[in-house]
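S.K.: Below is the file model-v1.cif, with mmCIF, C-alpha atoms.
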```
data_structure
loop_
_atom_site.label_atom_id
_atom_site.label_comp_id
_atom_site.auth_asym_id
_atom_site.auth_seq_id
_atom_site.Cartn_x
_atom_site.Cartn_y
_atom_site.Cartn_z
CA MET C 524 74.82 103.47 68.74
CA SER C 525 72.74 100.33 68.27
CA ASP C 526 73.17 96.59 68.48
CA ALA C 527 72.54 93.98 65.81
CA THR C 528 68.84 93.90 66.49
CA GLY C 529 68.46 97.61 66.00
CA GLY C 530 68.03 98.34 69.70
CA ALA C 531 69.96 100.99 71.56
CA ARG C 532 73.31 99.83 72.91
CA SER C 533 74.55 101.14 76.26
CA PRO C 534 78.02 102.67 76.36
CA TYR C 535 79.13 99.80 78.64
CA ALA C 536 78.06 97.19 76.11
CA ALA C 537 79.81 99.20 73.41
CA VAL C 538 83.10 99.06 75.29
CA THR C 539 82.80 95.29 75.75
CA ALA C 540 81.87 94.83 72.10
CA GLU C 541 84.83 96.92 70.96
CA VAL C 542 87.34 95.02 73.08
CA THR C 543 85.99 91.53 72.44
CA GLY C 544 85.48 92.30 68.75
CA ILE C 545 89.25 92.48 68.14
CA PRO C 546 89.93 88.75 68.64
CA LEU C 547 86.61 87.74 67.04
CA HIS C 548 87.03 89.79 63.87
CA TYR C 549 88.79 88.19 60.88
CA PRO C 550 90.88 88.69 58.83
CA ALA C 551 93.53 90.44 60.89
CA PRO C 552 94.57 93.97 59.89
CA ARG C 553 97.38 94.20 57.35
CA ALA C 554 99.59 96.06 59.84
CA TRP C 555 99.33 93.11 62.22
CA TRP C 556 100.45 90.67 59.51
CA ILE C 557 103.42 92.86 58.61
CA CYS C 558 104.50 93.08 62.25
CA PHE C 559 103.95 89.35 62.71
CA GLY C 560 106.05 88.57 59.65
CA VAL C 561 108.94 90.64 60.99
CA ALA C 562 108.56 88.98 64.39
CA LEU C 563 108.70 85.53 62.79
CA LEU C 564 111.91 86.45 60.98
CA LEU C 565 113.43 87.53 64.29
CA PHE C 566 112.20 84.34 65.92
CA ALA C 567 113.84 82.29 63.14
CA THR C 568 117.07 84.19 63.90
CA PHE C 569 116.77 83.09 67.50
CA LEU C 570 116.37 79.45 66.48
CA VAL C 571 119.46 79.62 64.27
CA ALA C 572 121.56 81.43 66.92
CA ALA C 573 120.45 79.00 69.63
CA GLY C 574 121.15 76.05 67.31
CA VAL C 575 124.70 77.28 66.67
CA LEU C 576 125.14 77.72 70.43
CA PHE C 577 123.98 74.17 71.15
CA LEU C 578 126.21 72.80 68.39
CA TYR C 579 129.46 74.61 69.20
CA GLY C 580 128.99 75.77 72.82
CA VAL C 581 129.32 79.21 74.41
CA GLY C 582 132.70 79.60 72.72
CA VAL C 583 130.83 81.13 69.78
CA TRP C 584 130.14 84.12 72.02
CA GLY C 585 132.72 86.82 72.74
CA ASN C 586 132.87 85.95 76.47
CA ASN C 587 136.34 85.45 77.86
CA ILE C 588 138.47 86.31 80.89
CA PRO C 589 138.04 88.86 82.44
CA VAL C 590 134.63 89.58 80.84
CA ASN C 591 133.03 86.19 81.27
CA TRP C 592 129.59 87.81 81.60
CA GLY C 593 128.90 89.57 78.35
CA LEU C 594 125.97 90.60 76.25
CA ALA C 595 123.86 87.66 77.43
CA ILE C 596 123.72 88.75 81.07
CA ALA C 597 123.31 92.42 80.17
CA ASN C 598 120.29 91.45 78.07
CA TYR C 599 119.01 89.23 80.88
CA VAL C 600 118.95 92.17 83.29
CA TRP C 601 117.43 94.43 80.61
CA PHE C 602 114.56 92.07 79.79
CA LEU C 603 113.89 91.38 83.45
CA GLY C 604 113.71 95.12 84.10
CA ILE C 605 111.18 95.58 81.32
CA GLY C 606 109.09 92.87 82.92
CA HIS C 607 108.64 94.88 86.12
CA ALA C 608 106.33 97.63 84.93
CA GLY C 609 103.36 95.44 84.00
CA THR C 610 102.92 93.87 87.40
CA LEU C 611 103.76 97.15 89.14
CA ILE C 612 101.14 99.10 87.19
CA SER C 613 98.50 96.47 87.54
CA ALA C 614 98.96 95.06 91.04
CA LEU C 615 100.00 98.16 92.93
CA LEU C 616 97.41 100.43 91.33
CA LEU C 617 94.73 97.77 91.86
CA LEU C 618 95.45 97.77 95.59
CA LEU C 619 95.37 101.58 95.56
CA ASN C 620 92.02 101.61 93.67
CA ALA C 621 93.51 103.71 90.86
CA HIS C 622 90.96 103.06 88.12
CA TRP C 623 92.98 104.67 85.34
CA ARG C 624 95.05 101.48 85.22
CA ASN C 625 92.12 99.64 83.64
CA SER C 626 92.96 100.76 80.12
CA LEU C 627 96.61 99.72 80.43
CA ASN C 628 96.96 96.79 82.78
CA ARG C 629 96.07 93.87 80.48
CA PHE C 630 98.70 94.39 77.78
CA ALA C 631 101.21 95.62 80.38
CA GLU C 632 100.83 92.31 82.24
CA ALA C 633 101.23 90.36 78.98
CA MET C 634 104.39 92.35 78.29
CA THR C 635 105.68 91.29 81.71
CA LEU C 636 105.11 87.60 81.02
CA PHE C 637 106.92 87.53 77.69
CA ALA C 638 109.77 89.76 78.87
CA VAL C 639 110.38 87.54 81.91
CA ILE C 640 110.38 84.43 79.69
CA CYS C 641 113.01 86.08 77.47
CA ALA C 642 115.05 86.98 80.55
CA GLY C 643 114.78 83.46 81.94
CA LEU C 644 116.14 81.94 78.72
CA TYR C 645 119.45 83.79 79.00
CA PRO C 646 120.84 82.09 82.15
CA ILE C 647 119.79 78.72 80.71
CA LEU C 648 121.56 79.40 77.41
CA HIS C 649 124.56 80.77 79.32
CA LEU C 650 125.02 77.54 81.27
CA GLY C 651 127.18 75.97 78.59
CA ARG C 652 125.18 72.78 78.81
CA PRO C 653 121.63 74.19 78.71
CA TRP C 654 120.05 70.76 78.47
CA ARG C 655 121.15 70.26 82.11
CA PHE C 656 119.30 73.36 83.28
CA TYR C 657 117.11 71.30 85.60
CA TRP C 658 120.17 70.65 87.80
CA VAL C 659 119.58 74.04 89.43
CA PHE C 660 116.19 72.79 90.61
CA PRO C 661 116.07 71.50 94.21
CA TYR C 662 114.59 68.08 93.43
CA PRO C 663 115.28 64.68 95.04
CA ASN C 664 117.49 62.72 92.66
CA THR C 665 119.23 59.36 92.67
CA MET C 666 122.68 60.97 93.09
CA GLU C 667 121.48 62.83 96.21
CA VAL C 668 123.02 66.02 94.83
CA TRP C 669 121.40 69.31 95.75
CA PRO C 670 121.97 72.62 93.97
CA GLN C 671 124.58 74.98 95.34
CA PHE C 672 122.40 77.44 97.22
CA LYS C 673 125.28 79.92 97.39
CA SER C 674 125.30 80.10 93.60
CA PRO C 675 123.60 83.01 91.81
CA LEU C 676 122.11 80.44 89.44
CA ALA C 677 120.03 79.04 92.29
CA TRP C 678 119.00 82.59 93.28
CA ASP C 679 117.96 83.25 89.68
CA PHE C 680 115.91 80.09 89.61
CA PHE C 681 113.89 80.91 92.71
CA ALA C 682 113.49 84.60 91.94
CA VAL C 683 112.55 84.41 88.26
CA LEU C 684 110.38 81.31 88.51
CA THR C 685 108.43 82.70 91.48
CA TYR C 686 107.91 86.02 89.76
CA LEU C 687 106.83 84.35 86.52
CA THR C 688 104.42 81.99 88.30
CA VAL C 689 102.70 84.77 90.26
CA SER C 690 102.59 87.03 87.18
CA VAL C 691 100.93 84.29 85.10
CA ALA C 692 98.37 83.65 87.85
CA PHE C 693 97.64 87.35 88.25
CA TRP C 694 97.25 87.89 84.50
CA TYR C 695 95.03 84.84 84.01
CA ILE C 696 92.75 85.58 86.95
CA GLY C 697 92.27 89.10 85.66
CA ILE C 698 91.33 88.09 82.13
CA VAL C 699 88.74 85.41 82.97
CA PRO C 700 85.63 87.70 82.97
CA ASP C 701 86.61 89.12 79.58
CA LEU C 702 87.21 85.63 78.20
CA ALA C 703 83.66 84.78 79.21
CA ALA C 704 82.37 87.94 77.52
CA THR C 705 84.25 86.98 74.35
CA ARG C 706 82.77 83.49 74.53
CA ASP C 707 79.26 84.90 74.84
CA ARG C 708 79.74 87.11 71.76
CA ALA C 709 81.39 84.47 69.60
CA ARG C 710 79.31 83.21 66.68
CA LYS C 711 81.56 80.41 65.46
CA ARG C 712 81.53 77.12 67.29
CA ARG C 713 85.32 76.75 67.50
CA GLN C 714 85.59 80.23 69.03
CA GLN C 715 82.88 79.43 71.58
CA VAL C 716 84.71 76.24 72.58
CA PHE C 717 88.13 77.95 72.71
CA TYR C 718 87.05 80.90 74.84
CA GLY C 719 84.65 78.74 76.84
CA LEU C 720 87.48 76.44 77.93
CA LEU C 721 89.68 79.41 78.83
CA ALA C 722 86.84 81.06 80.78
CA LEU C 723 86.65 78.04 83.14
CA GLY C 724 82.86 78.01 83.26
CA TRP C 725 82.50 81.65 84.31
CA ARG C 726 78.85 82.73 84.43
CA GLY C 727 79.18 86.02 86.27
CA SER C 728 77.14 85.02 89.33
CA ALA C 729 77.52 86.96 92.58
CA ARG C 730 79.45 84.05 94.03
CA HIS C 731 81.83 84.03 91.06
CA TRP C 732 82.47 87.75 91.41
CA THR C 733 83.07 87.48 95.17
CA ARG C 734 85.59 84.66 94.79
CA TRP C 735 87.20 86.37 91.82
CA ARG C 736 87.78 89.65 93.69
CA GLN C 737 89.30 87.82 96.64
CA ALA C 738 91.68 85.85 94.43
CA TYR C 739 92.60 88.88 92.28
CA ARG C 740 93.46 91.17 95.17
CA LEU C 741 95.26 88.42 97.09
CA THR C 742 97.47 87.65 94.06
CA ALA C 743 98.12 91.38 93.61
CA ALA C 744 99.25 91.63 97.24
CA ILE C 745 101.70 88.77 96.64
CA ALA C 746 102.95 90.21 93.35
CA VAL C 747 103.88 93.72 94.58
CA PRO C 748 106.71 92.69 96.94
CA LEU C 749 107.98 90.29 94.27
CA VAL C 750 108.58 93.27 91.97
CA VAL C 751 110.99 94.63 94.55
CA SER C 752 112.54 91.33 95.57
CA VAL C 753 113.35 90.04 92.07
CA HIS C 754 115.46 92.97 90.95
CA SER C 755 116.97 93.39 94.42
CA GLU C 756 118.17 89.82 94.00
CA ILE C 757 119.73 90.74 90.66
CA SER C 758 121.52 93.69 92.25
CA LEU C 759 122.85 91.40 95.01
CA LEU C 760 124.43 89.21 92.33
CA PHE C 761 126.52 92.23 91.45
CA ALA C 762 127.00 93.71 94.91
CA ALA C 763 128.15 90.38 96.39
CA GLY C 764 131.02 90.17 93.88
CA PRO C 765 134.40 91.76 94.83
CA ILE C 766 134.49 93.79 91.61
CA PRO C 767 135.17 97.54 91.55
CA GLY C 768 132.01 99.41 90.58
CA TRP C 769 129.64 96.73 91.82
CA ALA C 770 130.00 96.60 95.62
CA SER C 771 127.54 99.41 96.35
CA THR C 772 124.68 99.64 98.84
CA VAL C 773 122.73 101.87 96.44
CA PHE C 774 122.32 99.01 93.95
CA PRO C 775 119.03 97.45 95.24
CA PRO C 776 116.88 100.64 95.00
CA TYR C 777 118.88 101.75 91.97
CA PHE C 778 118.11 98.51 90.13
CA VAL C 779 114.44 98.40 91.12
CA LEU C 780 113.79 101.99 90.05
CA GLY C 781 115.77 101.51 86.84
CA ALA C 782 113.73 98.41 86.07
CA ALA C 783 110.45 100.25 86.61
CA PHE C 784 111.81 103.12 84.51
CA SER C 785 112.61 100.90 81.52
CA GLY C 786 109.35 99.00 81.94
CA PHE C 787 107.24 102.16 81.92
CA ALA C 788 109.08 103.25 78.78
CA VAL C 789 108.13 100.05 76.95
CA VAL C 790 104.54 100.18 78.28
CA SER C 791 104.27 103.73 76.90
CA MET C 792 105.49 102.57 73.49
CA ILE C 793 103.08 99.62 73.42
CA ALA C 794 100.15 101.82 74.52
CA VAL C 795 100.81 104.28 71.71
CA VAL C 796 101.16 101.56 69.06
CA LEU C 797 98.05 99.60 70.13
CA ARG C 798 96.03 102.79 70.42
CA HIS C 799 96.85 103.69 66.85
CA ALA C 800 96.82 100.22 65.27
CA LEU C 801 93.59 98.96 66.90
CA GLY C 802 91.72 102.27 66.97
CA LEU C 803 91.49 102.35 70.77
CA GLY C 804 91.63 106.11 71.10
CA ASN C 805 88.43 106.22 73.15
CA LEU C 806 89.82 103.74 75.69
CA VAL C 807 93.50 104.69 75.84
CA ARG C 808 92.95 108.43 76.10
CA PRO C 809 95.38 111.35 76.29
CA ARG C 810 94.81 111.28 80.06
CA HIS C 811 96.33 107.79 80.22
CA LEU C 812 99.30 108.89 78.11
CA ASP C 813 99.72 111.89 80.39
CA LEU C 814 99.79 109.66 83.49
CA LEU C 815 102.24 107.27 81.85
CA GLY C 816 104.45 110.25 81.04
CA LYS C 817 104.34 111.35 84.68
CA LEU C 818 105.30 107.87 85.87
CA LEU C 819 108.14 107.78 83.35
CA LEU C 820 109.36 111.19 84.48
CA ALA C 821 109.13 110.30 88.19
CA THR C 822 111.00 106.99 87.92
CA GLY C 823 113.51 108.62 85.55
CA MET C 824 114.36 111.35 88.05
CA MET C 825 114.71 108.73 90.81
CA THR C 826 117.07 106.78 88.57
CA ALA C 827 119.04 109.99 87.93
CA TYR C 828 119.38 110.34 91.68
CA GLY C 829 120.83 106.82 91.72
CA TYR C 830 123.43 107.85 89.12
CA CYS C 831 124.43 110.85 91.24
CA ALA C 832 124.48 108.81 94.46
CA GLU C 833 126.73 106.20 92.87
CA VAL C 834 129.25 108.85 91.74
CA PHE C 835 129.14 110.59 95.15
CA ASP C 836 129.66 107.28 96.96
CA VAL C 837 132.74 106.48 94.89
CA LEU C 838 134.31 109.92 95.33
CA TYR C 839 133.50 110.07 99.04
CA SER C 840 134.97 106.61 99.67
CA GLY C 841 138.35 107.61 98.22
CA ARG C 842 139.02 104.00 97.22
CA GLU C 843 141.54 103.90 94.42
CA HIS C 844 140.07 101.05 92.37
CA GLU C 845 136.55 102.44 92.61
CA ILE C 846 137.71 105.87 91.43
CA ARG C 847 139.64 104.26 88.60
CA THR C 848 136.56 102.31 87.49
CA LEU C 849 134.47 105.49 87.59
CA THR C 850 137.09 107.27 85.49
CA ASP C 851 137.05 104.37 83.04
CA ARG C 852 133.29 104.64 82.73
CA LEU C 853 133.53 108.35 81.98
CA THR C 854 136.51 108.34 79.62
CA GLY C 855 137.57 104.72 78.97
CA ALA C 856 137.02 102.25 76.16
CA TYR C 857 133.33 101.85 77.07
CA ALA C 858 132.54 105.51 77.78
CA TRP C 859 130.11 105.36 74.86
CA SER C 860 127.85 103.11 76.93
CA TYR C 861 127.93 105.45 79.96
CA TRP C 862 127.23 108.60 77.99
CA GLY C 863 124.70 106.71 75.83
CA ALA C 864 122.82 105.86 79.02
CA VAL C 865 122.97 109.43 80.35
CA ILE C 866 121.88 111.01 77.07
CA GLY C 867 119.26 108.40 76.17
CA ASN C 868 117.71 108.24 79.61
CA PHE C 869 117.70 111.80 80.81
CA VAL C 870 117.99 114.36 78.01
CA PRO C 871 114.72 113.60 76.11
CA LEU C 872 113.05 112.83 79.43
CA GLN C 873 113.06 116.52 80.36
CA LEU C 874 110.45 117.13 77.66
CA LEU C 875 107.95 115.31 79.86
CA TRP C 876 107.78 118.29 82.20
CA PHE C 877 105.38 119.73 79.59
CA ARG C 878 101.85 118.33 79.61
CA ARG C 879 101.37 118.88 75.88
CA LEU C 880 104.29 116.56 75.13
CA ARG C 881 103.24 113.99 77.73
CA SER C 882 99.86 113.70 76.00
CA SER C 883 101.36 113.52 72.53
CA PRO C 884 101.51 109.89 71.29
CA THR C 885 104.45 110.57 68.96
CA ALA C 886 106.51 112.39 71.58
CA LEU C 887 105.77 109.78 74.26
CA PHE C 888 106.70 106.93 71.89
CA LEU C 889 110.01 108.53 70.92
CA ILE C 890 110.92 109.33 74.53
CA GLY C 891 110.02 105.77 75.56
CA LEU C 892 112.22 104.40 72.77
CA SER C 893 115.09 106.61 73.87
CA VAL C 894 114.76 105.38 77.47
CA ALA C 895 114.56 101.71 76.43
CA ILE C 896 117.79 102.08 74.43
CA GLY C 897 119.39 104.16 77.16
CA MET C 898 118.65 101.54 79.79
CA TRP C 899 120.21 98.88 77.58
CA PHE C 900 123.36 101.04 77.45
CA GLU C 901 123.27 101.29 81.24
CA ARG C 902 123.09 97.51 81.70
CA TYR C 903 125.98 97.02 79.30
CA MET C 904 128.02 99.75 81.02
CA LEU C 905 127.48 98.34 84.50
CA LEU C 906 128.52 94.88 83.42
CA VAL C 907 131.44 95.35 81.06
CA SER C 908 133.11 98.50 82.39
CA SER C 909 133.60 96.84 85.79
CA LEU C 910 134.82 93.50 84.50
CA TYR C 911 137.27 94.50 81.80
CA ARG C 912 139.67 96.06 84.33
CA ASP C 913 139.60 94.37 87.72
CA TRP C 914 142.19 94.28 90.50
CA LEU C 915 145.09 92.77 88.56
CA VAL C 916 146.64 94.55 85.60
CA SER C 917 147.69 91.15 84.23
CA SER C 918 144.03 90.17 83.77
CA TRP C 919 142.89 93.30 81.98
CA GLY C 920 141.27 92.76 78.61
CA GLU C 921 138.58 94.20 76.39
CA TYR C 922 135.32 92.56 75.41
CA HIS C 923 133.65 92.55 72.03
CA ALA C 924 130.35 90.79 71.46
CA SER C 925 130.44 88.24 68.65
CA PHE C 926 128.07 88.03 65.71
CA TRP C 927 126.16 85.18 67.35
CA GLU C 928 125.58 87.17 70.52
CA TRP C 929 124.06 89.99 68.52
CA ALA C 930 122.05 87.46 66.49
CA LEU C 931 120.69 85.93 69.69
CA PHE C 932 119.72 89.37 71.00
CA ALA C 933 117.88 90.18 67.77
CA GLY C 934 116.23 86.76 67.87
CA MET C 935 115.18 87.26 71.47
CA LEU C 936 113.18 90.30 70.37
CA GLY C 937 111.31 87.84 68.15
CA VAL C 938 110.74 85.54 71.14
CA PHE C 939 109.12 88.54 72.84
CA LEU C 940 107.14 89.84 69.85
CA VAL C 941 105.66 86.62 68.44
CA PRO C 942 103.63 85.61 71.53
CA PHE C 943 102.78 89.24 72.26
CA LEU C 944 101.32 89.74 68.78
CA LEU C 945 99.40 86.47 69.10
CA PHE C 946 98.04 87.73 72.42
CA VAL C 947 96.95 90.99 70.75
CA ARG C 948 95.19 89.03 68.02
CA ALA C 949 93.57 86.27 70.07
CA LEU C 950 92.69 87.72 73.49
CA PRO C 951 91.08 90.92 74.85
CA VAL C 952 93.93 93.45 75.14
CA ILE C 953 92.04 95.78 77.48
CA SER C 954 90.12 94.93 80.63
CA ALA C 955 86.63 95.82 79.34
CA PHE C 956 84.71 94.92 82.49
CA GLU C 957 87.02 97.01 84.70
CA VAL C 958 86.72 99.98 82.32
CA ASN C 959 82.93 99.65 82.53
CA GLU C 960 83.05 99.28 86.30
CA ALA C 961 85.14 102.43 86.68
CA ALA C 962 82.85 104.38 84.33
CA LEU C 963 79.78 103.26 86.29
CA GLU C 964 81.35 104.28 89.61
CA GLU C 965 82.26 107.71 88.21
CA LYS C 966 78.70 108.13 86.97
CA GLU C 967 77.27 107.19 90.38
CA ALA C 968 79.70 109.57 92.09
CA ARG C 969 78.59 112.46 89.85
CA ARG C 970 74.96 111.62 90.49
CA ASN C 971 75.44 111.61 94.26
CA ALA C 972 77.56 114.77 94.29
#
```
Using structure tokens, write down the structure that the file contains.
M.R.:
Amino acid sequence: MSDATGGARSPYAAVTAEVTGIPLHYPAPRAWWICFGVALLLFATFLVAAGVLFLYGVGVWGNNIPVNWGLAIANYVWFLGIGHAGTLISALLLLLNAHWRNSLNRFAEAMTLFAVICAGLYPILHLGRPWRFYWVFPYPNTMEVWPQFKSPLAWDFFAVLTYLTVSVAFWYIGIVPDLAATRDRARKRRQQVFYGLLALGWRGSARHWTRWRQAYRLTAAIAVPLVVSVHSEISLLFAAGPIPGWASTVFPPYFVLGAAFSGFAVVSMIAVVLRHALGLGNLVRPRHLDLLGKLLLATGMMTAYGYCAEVFDVLYSGREHEIRTLTDRLTGAYAWSYWGAVIGNFVPLQLLWFRRLRSSPTALFLIGLSVAIGMWFERYMLLVSSLYRDWLVSSWGEYHASFWEWALFAGMLGVFLVPFLLFVRALPVISAFEVNEAALEEKEARRNA
């Protein structure tokens, strides 16, 4: 391996050149343009669906009494769950000095940012008058009206905004050294200016590295408890409501583990796709896929325990309405969502007990896809199967999502994919300096052994 001058290139420089070469190399691969075109079509669908919503109001959705929380809130919980894995992988494993995270953390963190943005849009769109969304902010105003702090909307505001802010800070602090490396390798003036501005004057001095490590680890320490608190808050929105099937003490750990489960599934899918599309097989190795498979299996079995605990709790309580809701979930009008969650989440997951399948990109991608779909079924089941038959028979009624709800969901996938694909194209998708650092430490450890 040699550099442009014909001299020998160290393996560390090769890793940096490979990672920083992706955003500097033009034109983009054809596969990227195809994916970006599809993402733009989905994004256009979102604009149309949101425009219809603004024009005619939330009446265009299928929400009604008793199911006044429909597909929008189920998707909100689903997207927010996906957004948990990135910060969990990156921050928690950073504090534990688990170096294998270095090949996965950058794009996992980016996934978190865009998934949380998608989640945050749903409560705003669900408000009915989304242009008044700032009323949930606690700001001094001329009417001296403060938000209703007992309202779940205020809880959502504090939880999601705090999580998003810390996640953005953590992601940006982590990428600065690689932005500087990209700047130093850029040959075009506009690229040097672009990456130079983003790198904030980073020169890699000892003082810079000292301050950087302090800030990075401090932000990680703040981010880890937020992973738990955000989805616990979501579970409290359900558990605080007097609805059969929701008032359960198992919900906080059940929701957090389910969120990590769905997030790891999507991280696995993204890792497989980027590894293949960008030729990153020497950085995202079978060992990383194997560890992702183990994480997916572990969180999946914990989530399965939550399913069993929920059923046991209902049967042990002997409460009539709870047992009736459980029976509805198993055999009622929305049993397809319950059994879709069980089959999608846990049947293919058992294949991950075998190392050969955990290390297989195709198998891991398909299992991750099955889990992502299964967790969407679970969110839908939890929401609708409890609301459509509450305490009063007179208020029973079924829920069917409208065309515009489905269109908004499809469009929201575009809201997620468009910025993510731009990130893949314009910024280093893997933490090159941390990969090099880990490789150097392993080399020193072998030398001293």
S.K.: For Val796 (chain C), which residue out of C:Leu889, C:Ala762, C:Val538, C:Met666 is the nearest one, using all atoms listed in the file?
M.R.: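 Under the stated criterion, the closest residue is C:Leu889.
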S.K.: Compute the distance from (128.7, 107.4, 92.9) to each atom, counting all atoms listed in the file, keep the residues with any atom at most 12 Å away, and return them as a PDB file with C-alpha atoms, keeping the file's coordinate frame; use the coordinates of the file.
M.R.:
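Output below, filename selection-v2.pdb:
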```pdb
ATOM      1  CA  PRO C 767     135.170  97.540  91.550  1.00  0.00           C
ATOM      2  CA  GLY C 768     132.010  99.410  90.580  1.00  0.00           C
ATOM      3  CA  TRP C 769     129.640  96.730  91.820  1.00  0.00           C
ATOM      4  CA  ALA C 770     130.000  96.600  95.620  1.00  0.00           C
ATOM      5  CA  SER C 771     127.540  99.410  96.350  1.00  0.00           C
ATOM      6  CA  THR C 772     124.680  99.640  98.840  1.00  0.00           C
ATOM      7  CA  VAL C 773     122.730 101.870  96.440  1.00  0.00           C
ATOM      8  CA  PHE C 774     122.320  99.010  93.950  1.00  0.00           C
ATOM      9  CA  TYR C 777     118.880 101.750  91.970  1.00  0.00           C
ATOM     10  CA  ALA C 827     119.040 109.990  87.930  1.00  0.00           C
ATOM     11  CA  TYR C 828     119.380 110.340  91.680  1.00  0.00           C
ATOM     12  CA  GLY C 829     120.830 106.820  91.720  1.00  0.00           C
ATOM     13  CA  TYR C 830     123.430 107.850  89.120  1.00  0.00           C
ATOM     14  CA  CYS C 831     124.430 110.850  91.240  1.00  0.00           C
ATOM     15  CA  ALA C 832     124.480 108.810  94.460  1.00  0.00           C
ATOM     16  CA  GLU C 833     126.730 106.200  92.870  1.00  0.00           C
ATOM     17  CA  VAL C 834     129.250 108.850  91.740  1.00  0.00           C
ATOM     18  CA  PHE C 835     129.140 110.590  95.150  1.00  0.00           C
ATOM     19  CA  ASP C 836     129.660 107.280  96.960  1.00  0.00           C
ATOM     20  CA  VAL C 837     132.740 106.480  94.890  1.00  0.00           C
ATOM     21  CA  LEU C 838     134.310 109.920  95.330  1.00  0.00           C
ATOM     22  CA  TYR C 839     133.500 110.070  99.040  1.00  0.00           C
ATOM     23  CA  SER C 840     134.970 106.610  99.670  1.00  0.00           C
ATOM     24  CA  GLY C 841     138.350 107.610  98.220  1.00  0.00           C
ATOM     25  CA  ARG C 842     139.020 104.000  97.220  1.00  0.00           C
ATOM     26  CA  GLU C 845     136.550 102.440  92.610  1.00  0.00           C
ATOM     27  CA  ILE C 846     137.710 105.870  91.430  1.00  0.00           C
ATOM     28  CA  THR C 848     136.560 102.310  87.490  1.00  0.00           C
ATOM     29  CA  LEU C 849     134.470 105.490  87.590  1.00  0.00           C
ATOM     30  CA  THR C 850     137.090 107.270  85.490  1.00  0.00           C
ATOM     31  CA  ARG C 852     133.290 104.640  82.730  1.00  0.00           C
ATOM     32  CA  LEU C 853     133.530 108.350  81.980  1.00  0.00           C
TER      33      LEU C 853
END
```
S.K.: Using CA of Ala677 (chain C) and CA of Val659 (chain C) as the two end points, give the distance in Å to one decimal.
M.R.: 5.8 Å
S.K.: For region 702-711 of chain C, work out the shell of residues within 10 Å, counting all atoms listed in the file and skipping chain neighbours fewer than 2 positions away, then give it as a ChimeraX atom specification.
M.R.: /C:539-540,542-548,695,697-700,713-727,950-951,955-956
S.K.: Which residues fall under the PyMOL selection byres ((chain C and resi 884) around 10) in this file, as an MDAnalysis selection string?
M.R.: chainID C and resid 791:792 794:796 798:799 808:809 812:813 880:883 885:890
S.K.: Quick one: everything within 12 Å of Ala621 (chain C), counting all atoms listed in the file, minus sequence neighbours fewer than 3 positions away in the same chain. Send it as a list of chain:residue names.
M.R.: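 The neighbour list is C:Ile612, C:Ser613, C:Ala614, C:Leu615, C:Leu616, C:Leu617, C:Leu618, C:Arg624, C:Asn625, C:Ser626, C:Leu627, C:Asn628, C:His811, C:Leu814, C:Glu957, C:Val958, C:Ala961.
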S.K.: Can you work out which one of C:Asn586, C:Leu603, C:Glu921, C:Val947 has the shortest atom-to-atom distance to Val750 (chain C), counting all atoms listed in the file?
M.R.: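 Comparing C:Asn586, C:Leu603, C:Glu921, C:Val947 against Val750 (chain C), the winner is C:Leu603.
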S.K.: Residues of region 865-934 of chain C within 12 Å of region 642-654 of chain C: nearest atom pair and distance (Å, one decimal) for each, counting all atoms listed in the file, sorted by chain and number, as a tab-separated table?
M.R.:
```
residue	atom	partner	partner_atom	distance
C:Glu928	CA	C:His649	CA	10.9
C:Leu931	CA	C:Tyr645	CA	9.6
C:Phe932	CA	C:Tyr645	CA	9.8
C:Gly934	CA	C:Leu644	CA	11.9
```
S.K.: I'd like to know which of C:Ala608, C:Leu906, C:Leu944, C:Ala562 is closest to Leu749 (chain C), using all atoms listed in the file.
M.R.: C:Ala608
S.K.: For CA of Phe926 (chain C) and CA of Ile766 (chain C), quote the distance in Å rounded to one decimal.
M.R.: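 One can read the CA of Phe926 (chain C) to CA of Ile766 (chain C) distance as 27.3 Å.
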S.K.: Specify as a count of residues only each residue included when the PyMOL selection byres ((chain C and resi 897) around 8) is applied to this file.
M.R.: 14
S.K.: Could you check which residues have any atom within 12 Å of (113.1, 100.5, 85.2), counting all atoms listed in the file with coordinates taken straight from the file, and then list them as number ranges by chain?
M.R.: C: 600-609, 611, 750-751, 754, 776-790, 818-827, 829, 868, 891, 894-899, 901-902
S.K.: Give me, please, the distance in Å between CA of Trp914 (chain C) and CA of Asp851 (chain C), quoted to one decimal.
M.R.: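 Going from CA of Trp914 (chain C) over to CA of Asp851 (chain C), I get 13.6 Å.
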S.K.: For Val747 (chain C), which residue among C:Val583, C:Val689, C:Cys558, C:Ala856 is the nearest when counting all atoms listed in the file?
M.R.: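 Smallest distance to Val747 (chain C) is found for C:Val689.
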